[in-house]
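Q: For reference, the file run01.tsv (TSV, C-alpha atoms) is included below:
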```
chain	number	residue	atom	x	y	z
G	364	MET	CA	11.89	-16.43	-21.54
G	365	ILE	CA	8.66	-15.47	-19.86
G	366	ILE	CA	10.45	-12.90	-17.70
G	367	ALA	CA	11.91	-11.28	-20.82
G	368	GLY	CA	8.43	-11.22	-22.37
G	369	VAL	CA	6.91	-9.46	-19.36
G	370	ILE	CA	9.78	-6.95	-19.26
G	371	GLY	CA	9.39	-6.27	-22.97
G	372	LEU	CA	5.65	-5.83	-22.55
G	373	CYS	CA	6.19	-3.39	-19.67
G	374	VAL	CA	8.63	-1.34	-21.74
G	375	LEU	CA	6.24	-1.36	-24.70
G	376	LEU	CA	3.33	-0.20	-22.53
G	377	ALA	CA	5.43	2.52	-20.89
G	378	VAL	CA	6.46	3.87	-24.30
G	379	LEU	CA	2.90	3.62	-25.61
G	380	ALA	CA	1.59	5.39	-22.49
G	381	PHE	CA	4.12	8.16	-22.96
G	382	PHE	CA	3.30	8.86	-26.60
G	383	VAL	CA	-0.44	8.11	-26.70
G	384	PRO	CA	-1.79	7.98	-23.14
G	385	ARG	CA	-5.43	7.41	-24.04
G	386	LEU	CA	-4.70	4.58	-26.44
G	387	SER	CA	-2.49	2.80	-23.91
G	388	ARG	CA	-5.36	1.97	-21.53
G	389	ARG	CA	-6.90	-0.78	-23.63
G	390	PRO	CA	-3.70	-2.84	-24.18
G	391	GLU	CA	-2.87	-2.42	-20.50
G	392	ARG	CA	-6.27	-3.69	-19.41
G	393	GLY	CA	-6.14	-6.57	-21.87
G	394	THR	CA	-2.76	-7.63	-20.57
G	395	GLN	CA	-3.92	-7.39	-16.98
G	396	ARG	CA	-7.03	-9.38	-17.84
G	397	SER	CA	-4.99	-12.23	-19.34
G	398	LEU	CA	-2.55	-12.21	-16.43
G	399	GLY	CA	-5.50	-12.24	-14.05
G	400	ALA	CA	-6.87	-15.33	-15.77
G	401	GLY	CA	-3.52	-17.03	-15.26
G	402	ALA	CA	-3.52	-16.05	-11.61
G	403	ARG	CA	-7.02	-17.41	-11.13
G	404	ALA	CA	-6.08	-20.68	-12.82
G	405	GLY	CA	-2.94	-20.98	-10.69
G	406	SER	CA	-4.77	-20.24	-7.47
G	407	LYS	CA	-7.02	-23.27	-7.93
G	408	ALA	CA	-4.19	-25.55	-6.88
G	409	PRO	CA	-4.64	-26.79	-3.32
G	410	GLY	CA	-3.12	-25.03	-0.34
G	411	VAL	CA	0.24	-23.34	-0.53
G	412	LEU	CA	0.70	-24.41	-4.15
G	413	GLY	CA	-2.16	-22.14	-5.17
G	414	ARG	CA	-0.39	-19.09	-3.78
G	415	ILE	CA	2.92	-20.15	-5.30
G	416	PHE	CA	1.43	-20.70	-8.76
G	417	SER	CA	-0.58	-17.47	-8.81
G	418	LYS	CA	2.07	-15.13	-7.41
G	419	PRO	CA	4.06	-14.63	-10.66
G	420	PHE	CA	0.89	-13.59	-12.45
G	421	HIS	CA	-0.07	-11.11	-9.74
G	422	THR	CA	3.43	-9.65	-9.74
G	423	SER	CA	3.47	-9.34	-13.53
G	424	SER	CA	0.05	-7.70	-13.56
G	425	ARG	CA	1.19	-5.17	-10.99
G	426	ALA	CA	4.33	-4.45	-13.05
G	427	VAL	CA	2.26	-3.86	-16.19
G	428	GLY	CA	0.00	-1.44	-14.33
G	429	ARG	CA	2.92	0.44	-12.85
G	430	SER	CA	4.75	0.79	-16.16
G	431	GLY	CA	1.67	2.18	-17.90
G	432	ALA	CA	1.03	4.58	-15.04
G	433	ALA	CA	4.67	5.69	-15.06
G	434	GLY	CA	4.51	6.47	-18.77
G	435	ARG	CA	1.35	8.54	-18.36
G	436	ARG	CA	2.74	10.30	-15.29
G	437	THR	CA	5.96	11.18	-17.10
G	438	ARG	CA	3.98	12.50	-20.05
G	439	GLY	CA	1.97	14.68	-17.67
G	440	ARG	CA	5.13	16.20	-16.23
G	441	MET	CA	6.58	17.16	-19.60
G	442	PRO	CA	6.43	20.87	-20.43
G	443	PHE	CA	4.85	20.35	-23.87
```
Write out the structure in this file as structure tokens.

A:
Amino acid sequence: MIIAGVIGLCVLLAVLAFFVPRLSRRPERGTQRSLGAGARAGSKAPGVLGRIFSKPFHTSSRAVGRSGAAGRRTRGRMPF
């Protein structure tokens, strides 16, 4: 369920970045901020568990950033 939510959010940000690139920055940063908070909370577990618990949040944050950047990059390449 969470995976589907992250995928849906990435698609939504990519579409938003394609149609309104300037307005897509704030939702992207907000999403990355909340995922970063989850990663920080997960990393407080001791030892290896901290890395295991924080990794999904880091990966999701990176995916959100890449999807927004891809939408803006695609918009920049369009001839109009």

Q: Of the residues G:Ala400, G:Met441, G:Val427, G:Ala433, which is the one nearest to G:Gly368, using all atoms listed in the file?

A: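 Using all atoms listed in the file, the shortest distance to G:Gly368 belongs to G:Val427.
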
Q: So, with all atoms listed in the file as the atoms that count, which of G:Ile370, G:Phe382, G:Arg425, G:Pro390 lies closest to G:Ala402?

A: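 Ranked by minimum distance to G:Ala402, first place goes to G:Arg425.
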
Q: Using the file's own x, y and z axes, so that the box edges lie along x, y and z, what centre and edge lengths in Å (one decimal) does a box around every listed atom of stretch 393-406 of chain G get when 4 Å is added on each side? Give it as JSON.

A:
```
{"center_x": -4.8, "center_y": -13.8, "center_z": -14.7, "size_x": 12.5, "size_y": 22.4, "size_z": 22.4}
```

Q: Closest to G:Ser424 among G:Cys373, G:Leu386, G:Ala404, G:Val411, using all atoms listed in the file?

A: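 Among the listed residues, G:Cys373 lies closest to G:Ser424.
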
Q: Which residue out of G:Val383, G:Ile366, G:Ala432, G:Val378 has the minimum interatomic distance to G:Pro419 when all atoms listed in the file are used?

A: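 Checking each of G:Val383, G:Ile366, G:Ala432, G:Val378 against G:Pro419, counting all atoms listed in the file, the winner is G:Ile366.
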
Q: So which one's closest to G:Val369, G:Phe420, G:Gly413, G:Gly405, G:Gly399? Using only C-alpha atoms, please.

A: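 That would be G:Phe420, the residue with the smallest distance to G:Val369.
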